[in-house]
Amino acid sequence: MAVSPAVTTLCENSNEVFLDAAKLLLTYADNILRFPNEEKYRSIRIGNPTFSTKLLPIKGAVECLFEMGFEEAETHLVFPKSASVEQLKLIRESIAAERDQRLRGGQPVQPTAQPAVASASASASAPTPAPESSAAAAAAAAAAAAAAAAAAATSSQPVTPAQPPSLESSMSFFVTLQSNFQHVMLYENHELQQKARSCIPHQQLSSASLHKLTEAKEADPECKLGLEDFLVLELLRWFKQNFFSWVDCLPCSRCGGHTQNAGSLSPTTDDLRWGAQRVENHYCQSCQLSTRFPRYNNPEKLLETRRGRCGEWANCFTLCCRAMGLEARYIWDSTDHVWTEIYSFSQRRWLHCDSCENSCDKPLLYEVGWGKKLAYVLAFSKDQVVDVTWRYSCKHPEVLTRRTKVQEAWLLHTINGLNASRQQSLGPDRKKELTERLLVELVEFISPKKPKPGELGGRNSGSLAWRIARGETRGPDTGTSAQAAGFVFSPTEKEKNDRLLHVRYSSTKDQYCRVSNNSEVIQNWDQCVWKKESVFRKVENDWQMVYIARTEGSSEGTISWKFDFAPARLKIKSVSVMASSQTFHSGRVCWHVQAGQTTTEFSGDGKMQSFQSLSGSSEFIVVAGLSGGDGDTSWQHTQLFRQSLKQTDESSFEILVHLEDA
């Protein structure tokens, strides 16, 4: 009986397929066991024809390598020095036992019935006329196998769609594929790219990118990042902070007051010219006036309007990426969101980029962070369509149960057909490059994703320089908890000497100022948070206000900050906290400080409050809970740190701790 989910899945293959794959897997394992110090045996190139055609398309094969201890590393799978040789032996022996039983003519340990989705992978092992087509076939087949194998490796229950998809559903899906694939060709218009470049401060962004790259190399001498990695980060920051604005409802065009979305208006000829099939009616009750909000779908028009929701943001941002010479693709999510991916040549992989969130390389943002129930996530570029759903999920079996719009085999066949048609004019070198990239992607899709609390994906082996660039590390004087992924305030050497920790947060600037540590500045509201759930920073560009709110559709949200002085052998002498919050209608915000078993509630009235009950404690947590509110906008009825974007000098959250020896 197989001892691992991966070997169990591998056993579902037919005898011939299993024995071929087992032979290779055992060879990889035996080479490491015989020559443990030989680096060449601890690394497998993903583009290697043997690996890409004989293992990658086979259900359970790559998963076996991961269970042995191999890890994904750019264009290779590597068996690191830290990996357990005993675990390698365990998986090796399990495969060998199954092989021996089959060679003796015994019954397979596992049944060989194969789901329909995997039928494409079986065809991948058939002989093909040329190496290039062989690799392409393997890549295409593995796209289907990735879905089936990922589910089988983590679930013993068969995945059964609720009902077979209809012809109407398939045709509707095909229209979505075709229209998006055609739309991305707009980004290749050289005149349009030039117009976009004229809007972008490219010299300023390039200069800032070069500066950040220099800093990263100083912090991490082994930094292998390229200038384009930092250019992506700078472009994201500029696009969100300086160029584009979010629209819920436009202010009234007469009085400037609040409006409500009151349905649709008929598009004009000019609206239709710029792809606005839908025009929202933002109605002002006071003036009884309608303000039109055409939902433009042409990125050229969006360079002028510079506003919208995620559709407009991703559309315009992807154009800006292409205008800056970055390889970009437009990402469509069937659960109503869109974003961008950028290809990093230095990291040899595609990076998730959400311009609405100013977020880079956090693919689990939607499933883990937002709680989305993903089903189909597709990437569209000038050269190809790729089903990238598996990059954005760590719950593949659940995702598969929701993929009921079309048959998996139909989707694979349709995507392959669209790609073959689009790539007819490409040269052999470009086709080979795309195939090699796809092979690397497919291994990434299959690789295990087990995020710790607070993690939102990206490659776990990302370099120190990359984590520094994205603001995901702290200075050497700050502490983090070993039990959780959250940030913990602990005293720096200066704060130890001064017996003082003083922190302020400005919602407008979206930065913490650690006053007691030479006024150290830390950007982004969540970079100093201990734990958070269903909250985000909302910027109202039309009303010029900013605040922390619950995510849309959530009934509750929480956020907390932790302070720990025990490692410094200090305890609390006194604590004062100032927090500001506002509620509307039936919204509720509950603030409290917690130290051990003691919990003390306090008001978010913007006034400094002292907590004598914390004296003598070595740690405490400040917590805000958001709940209540009315109607569809209830999430907006509880707001933390609400400030005008013009209030740049005021703090909305402040904590002052005097310390003494423990």
# chains A, B, ... in the order shown; residues from 1 in each chain; ligands from 1
$ closest_atom_pairs --of "region 186-260 of chain A" --to "region 537-541 of chain A" --cutoff "9 Å" --atoms "only C-alpha atoms" --output "tab-separated table"
residue	atom	partner	partner_atom	distance
A:Ser245	CA	A:Asn541	CA	6.1
A:Trp246	CA	A:Asn541	CA	6.7
A:Val247	CA	A:Asn541	CA	7.9
A:Asp248	CA	A:Glu540	CA	8.6
$ write_last_selection --atoms "all heavy atoms" --output "CSV table (one decimal), in the first residue's frame"
chain,number,residue,atom,x,y,z
A,245,SER,N,-7.5,56.5,-10.1
A,245,SER,CA,-8.3,56.6,-8.9
A,245,SER,C,-9.5,55.6,-9.0
A,245,SER,O,-10.0,55.3,-10.0
A,245,SER,CB,-8.8,58.0,-8.6
A,245,SER,OG,-8.9,58.7,-9.7
A,246,TRP,N,-9.9,55.2,-7.8
A,246,TRP,CA,-11.0,54.2,-7.7
A,246,TRP,C,-12.3,54.9,-7.6
A,246,TRP,O,-12.5,56.0,-7.0
A,246,TRP,CB,-10.8,53.4,-6.4
A,246,TRP,CG,-11.8,52.3,-6.2
A,246,TRP,CD1,-13.0,52.3,-5.6
A,246,TRP,CD2,-11.7,50.9,-6.7
A,246,TRP,NE1,-13.7,51.1,-5.7
A,246,TRP,CE2,-12.9,50.2,-6.4
A,246,TRP,CE3,-10.7,50.3,-7.5
A,246,TRP,CZ2,-13.1,48.9,-6.7
A,246,TRP,CZ3,-11.0,48.9,-7.8
A,246,TRP,CH2,-12.1,48.3,-7.4
A,247,VAL,N,-13.3,54.3,-8.3
A,247,VAL,CA,-14.7,54.9,-8.3
A,247,VAL,C,-15.7,53.8,-7.7
A,247,VAL,O,-15.8,52.7,-8.2
A,247,VAL,CB,-15.1,55.2,-9.7
A,247,VAL,CG1,-16.6,55.7,-9.7
A,247,VAL,CG2,-14.2,56.4,-10.2
A,248,ASP,N,-16.3,54.2,-6.6
A,248,ASP,CA,-17.5,53.5,-6.2
A,248,ASP,C,-18.7,54.2,-6.8
A,248,ASP,O,-19.4,53.6,-7.7
A,248,ASP,CB,-17.6,53.4,-4.7
A,248,ASP,CG,-16.7,52.4,-4.1
A,248,ASP,OD1,-16.5,51.3,-4.7
A,248,ASP,OD2,-16.1,52.7,-3.0
$ residues_around --residues "Ser381 (chain A)" --least-positions-apart "4" --cutoff "8 Å" --atoms "only C-alpha atoms" --output "VMD selection string"
chain A and resid 181 184 to 185 328 to 330 385
$ residues_around --residues "Trp525 (chain A)" --least-positions-apart "3" --cutoff "9 Å" --atoms "only C-alpha atoms" --output "ChimeraX atom specification"
/A:505-507,510-512,522,528-529,536-537,548
$ write_last_selection --atoms "N, CA, C and O atoms" --output "mmCIF file, in the first residue's frame"
data_model
loop_
_atom_site.group_PDB
_atom_site.id
_atom_site.type_symbol
_atom_site.label_atom_id
_atom_site.label_comp_id
_atom_site.auth_asym_id
_atom_site.auth_seq_id
_atom_site.Cartn_x
_atom_site.Cartn_y
_atom_site.Cartn_z
ATOM 1 N N TYR A 505 0.992 56.122 13.891
ATOM 2 C CA TYR A 505 0.598 55.750 12.535
ATOM 3 C C TYR A 505 -0.216 56.873 11.916
ATOM 4 O O TYR A 505 -1.151 57.394 12.538
ATOM 5 N N SER A 506 0.159 57.253 10.687
ATOM 6 C CA SER A 506 -0.589 58.252 9.923
ATOM 7 C C SER A 506 -1.330 57.535 8.805
ATOM 8 O O SER A 506 -0.717 56.932 7.933
ATOM 9 N N SER A 507 -2.650 57.614 8.842
ATOM 10 C CA SER A 507 -3.454 56.968 7.808
ATOM 11 C C SER A 507 -3.257 57.645 6.460
ATOM 12 O O SER A 507 -3.231 56.994 5.420
ATOM 13 N N ASP A 510 0.023 56.670 5.233
ATOM 14 C CA ASP A 510 0.118 55.214 5.297
ATOM 15 C C ASP A 510 1.504 54.784 5.733
ATOM 16 O O ASP A 510 2.178 53.983 5.084
ATOM 17 N N GLN A 511 1.905 55.329 6.894
ATOM 18 C CA GLN A 511 3.222 54.973 7.411
ATOM 19 C C GLN A 511 3.243 55.049 8.933
ATOM 20 O O GLN A 511 2.518 55.831 9.552
ATOM 21 N N TYR A 512 4.062 54.167 9.503
ATOM 22 C CA TYR A 512 4.327 54.198 10.941
ATOM 23 C C TYR A 512 5.597 55.023 11.168
ATOM 24 O O TYR A 512 6.551 54.935 10.392
ATOM 25 N N ILE A 522 8.222 53.289 8.671
ATOM 26 C CA ILE A 522 7.874 51.994 8.075
ATOM 27 C C ILE A 522 6.617 52.194 7.249
ATOM 28 O O ILE A 522 5.571 52.571 7.772
ATOM 29 N N CYS A 528 3.199 46.482 10.123
ATOM 30 C CA CYS A 528 3.461 46.366 11.563
ATOM 31 C C CYS A 528 2.303 45.698 12.294
ATOM 32 O O CYS A 528 2.204 45.770 13.517
ATOM 33 N N VAL A 529 1.430 45.060 11.550
ATOM 34 C CA VAL A 529 0.250 44.421 12.135
ATOM 35 C C VAL A 529 0.581 43.012 12.614
ATOM 36 O O VAL A 529 1.287 42.266 11.932
ATOM 37 N N PHE A 536 -8.988 46.127 5.020
ATOM 38 C CA PHE A 536 -8.097 46.697 4.012
ATOM 39 C C PHE A 536 -8.088 48.218 4.149
ATOM 40 O O PHE A 536 -8.913 48.804 4.868
ATOM 41 N N ARG A 537 -7.143 48.857 3.489
ATOM 42 C CA ARG A 537 -7.053 50.322 3.519
ATOM 43 C C ARG A 537 -7.815 50.880 2.339
ATOM 44 O O ARG A 537 -7.515 50.583 1.193
ATOM 45 N N ILE A 548 -9.172 52.527 7.347
ATOM 46 C CA ILE A 548 -9.154 51.062 7.346
ATOM 47 C C ILE A 548 -10.595 50.596 7.515
ATOM 48 O O ILE A 548 -11.296 51.064 8.413
#
$ residues_around --residues "region 31-47 of chain A" --least-positions-apart "5" --cutoff "9 Å" --atoms "only C-alpha atoms" --output "ChimeraX atom specification"
/A:26,52,56,70,75-81,85,88-89,135,435-437,439-440,443
$ residues_around --residues "Leu570 (chain A)" --least-positions-apart "2" --cutoff "9 Å" --atoms "only C-alpha atoms" --output "number ranges by chain"
A: 496, 499, 565-568, 572, 618, 659-662
$ atom_distance --atom1 "CA of Val623 (chain A)" --atom2 "CA of Val488 (chain A)"
13.4 Å
$ residues_around --residues "Leu186 (chain A)" --least-positions-apart "5" --cutoff "10 Å" --atoms "only C-alpha atoms" --output "MDAnalysis selection string"
chainID A and resid 192:193 298:300 319 382
$ closest_residue --among "A:Asn180, A:Leu236, A:Ser4, A:Phe293" --to "Val386 (chain A)" --atoms "only C-alpha atoms"
A:Asn180
$ select_by_dssp --residues "region 151-317 of chain A" --states "strand (DSSP E or B)" --output "PyMOL selection string"
chain A and resi 245-246+260-265+279-284+289-294+307-308
$ write_last_selection --atoms "N, CA, C and O atoms" --output "short mmCIF file (atom, residue, chain, number, x, y, z; two decimals), in the first residue's frame"
data_model
loop_
_atom_site.label_atom_id
_atom_site.label_comp_id
_atom_site.auth_asym_id
_atom_site.auth_seq_id
_atom_site.Cartn_x
_atom_site.Cartn_y
_atom_site.Cartn_z
N SER A 245 -7.49 56.49 -10.08
CA SER A 245 -8.32 56.56 -8.89
C SER A 245 -9.50 55.60 -8.97
O SER A 245 -9.99 55.30 -10.04
N TRP A 246 -9.90 55.16 -7.78
CA TRP A 246 -10.98 54.18 -7.66
C TRP A 246 -12.32 54.89 -7.63
O TRP A 246 -12.46 55.95 -7.03
N GLN A 260 -25.82 57.65 -5.62
CA GLN A 260 -26.04 56.21 -5.51
C GLN A 260 -26.18 55.63 -6.91
O GLN A 260 -26.72 56.28 -7.81
N ASN A 261 -25.70 54.40 -7.08
CA ASN A 261 -25.84 53.73 -8.36
C ASN A 261 -27.30 53.32 -8.55
O ASN A 261 -27.81 52.46 -7.84
N ALA A 262 -27.95 53.97 -9.49
CA ALA A 262 -29.39 53.75 -9.69
C ALA A 262 -29.66 53.00 -10.99
O ALA A 262 -30.66 53.25 -11.67
N GLY A 263 -28.79 52.10 -11.37
CA GLY A 263 -29.03 51.32 -12.57
C GLY A 263 -28.22 51.81 -13.76
O GLY A 263 -27.16 52.42 -13.61
N SER A 264 -28.73 51.54 -14.96
CA SER A 264 -27.97 51.83 -16.18
C SER A 264 -28.64 52.90 -17.03
O SER A 264 -29.86 53.11 -16.96
N LEU A 265 -27.81 53.56 -17.83
CA LEU A 265 -28.28 54.52 -18.82
C LEU A 265 -27.86 54.02 -20.19
O LEU A 265 -26.95 53.18 -20.31
N VAL A 279 -23.28 51.94 -19.09
CA VAL A 279 -23.13 53.27 -18.48
C VAL A 279 -23.92 53.29 -17.18
O VAL A 279 -25.14 53.06 -17.18
N GLU A 280 -23.24 53.51 -16.06
CA GLU A 280 -23.92 53.53 -14.76
C GLU A 280 -24.55 54.89 -14.50
O GLU A 280 -24.00 55.94 -14.87
N ASN A 281 -25.69 54.86 -13.83
CA ASN A 281 -26.42 56.07 -13.46
C ASN A 281 -26.16 56.38 -12.00
O ASN A 281 -26.73 55.75 -11.11
N HIS A 282 -25.28 57.33 -11.73
CA HIS A 282 -24.97 57.73 -10.36
C HIS A 282 -25.86 58.92 -10.00
O HIS A 282 -25.61 60.05 -10.44
N TYR A 283 -26.88 58.62 -9.20
CA TYR A 283 -27.99 59.57 -9.00
C TYR A 283 -27.86 60.31 -7.67
O TYR A 283 -27.58 59.71 -6.63
N CYS A 284 -28.04 61.62 -7.71
CA CYS A 284 -27.99 62.47 -6.52
C CYS A 284 -29.42 62.75 -6.06
O CYS A 284 -30.21 63.36 -6.79
N LEU A 289 -30.34 64.63 -9.88
CA LEU A 289 -29.56 64.71 -11.12
C LEU A 289 -28.77 63.42 -11.30
O LEU A 289 -28.21 62.87 -10.35
N SER A 290 -28.71 62.95 -12.53
CA SER A 290 -27.93 61.76 -12.87
C SER A 290 -26.55 62.17 -13.38
O SER A 290 -26.44 63.03 -14.25
N THR A 291 -25.51 61.53 -12.82
CA THR A 291 -24.15 61.70 -13.33
C THR A 291 -23.76 60.40 -14.03
O THR A 291 -23.85 59.32 -13.45
N ARG A 292 -23.37 60.49 -15.28
CA ARG A 292 -23.08 59.31 -16.08
C ARG A 292 -21.67 58.78 -15.78
O ARG A 292 -20.73 59.55 -15.65
N PHE A 293 -21.57 57.45 -15.67
CA PHE A 293 -20.27 56.81 -15.47
C PHE A 293 -20.11 55.69 -16.51
O PHE A 293 -20.43 54.55 -16.26
N PRO A 294 -19.61 56.04 -17.71
CA PRO A 294 -19.39 55.01 -18.74
C PRO A 294 -18.26 54.08 -18.32
O PRO A 294 -17.20 54.54 -17.90
N ARG A 307 -9.67 56.63 -14.14
CA ARG A 307 -10.49 56.24 -13.01
C ARG A 307 -11.32 55.00 -13.38
O ARG A 307 -11.51 54.70 -14.55
N GLY A 308 -11.82 54.33 -12.35
CA GLY A 308 -12.65 53.16 -12.58
C GLY A 308 -12.51 52.16 -11.46
O GLY A 308 -12.04 52.48 -10.36
#
$ closest_residue --among "A:Phe611, A:Phe230, A:Phe653, A:Trp313" --to "Ser346 (chain A)" --atoms "only C-alpha atoms"
A:Phe230
$ closest_residue --among "A:Ser652, A:Ser198, A:Ser447, A:Gln597" --to "Cys513 (chain A)" --atoms "only C-alpha atoms"
A:Ser652
$ closest_residue --among "A:Cys394, A:Val589, A:Ile331, A:Cys11" --to "Leu177 (chain A)" --atoms "only C-alpha atoms"
A:Ile331
$ select_by_dssp --residues "region 366-436 of chain A" --states "helix (DSSP H, G or I)" --output "ChimeraX atom specification"
/A:389-392,396-402,408-425,428-436
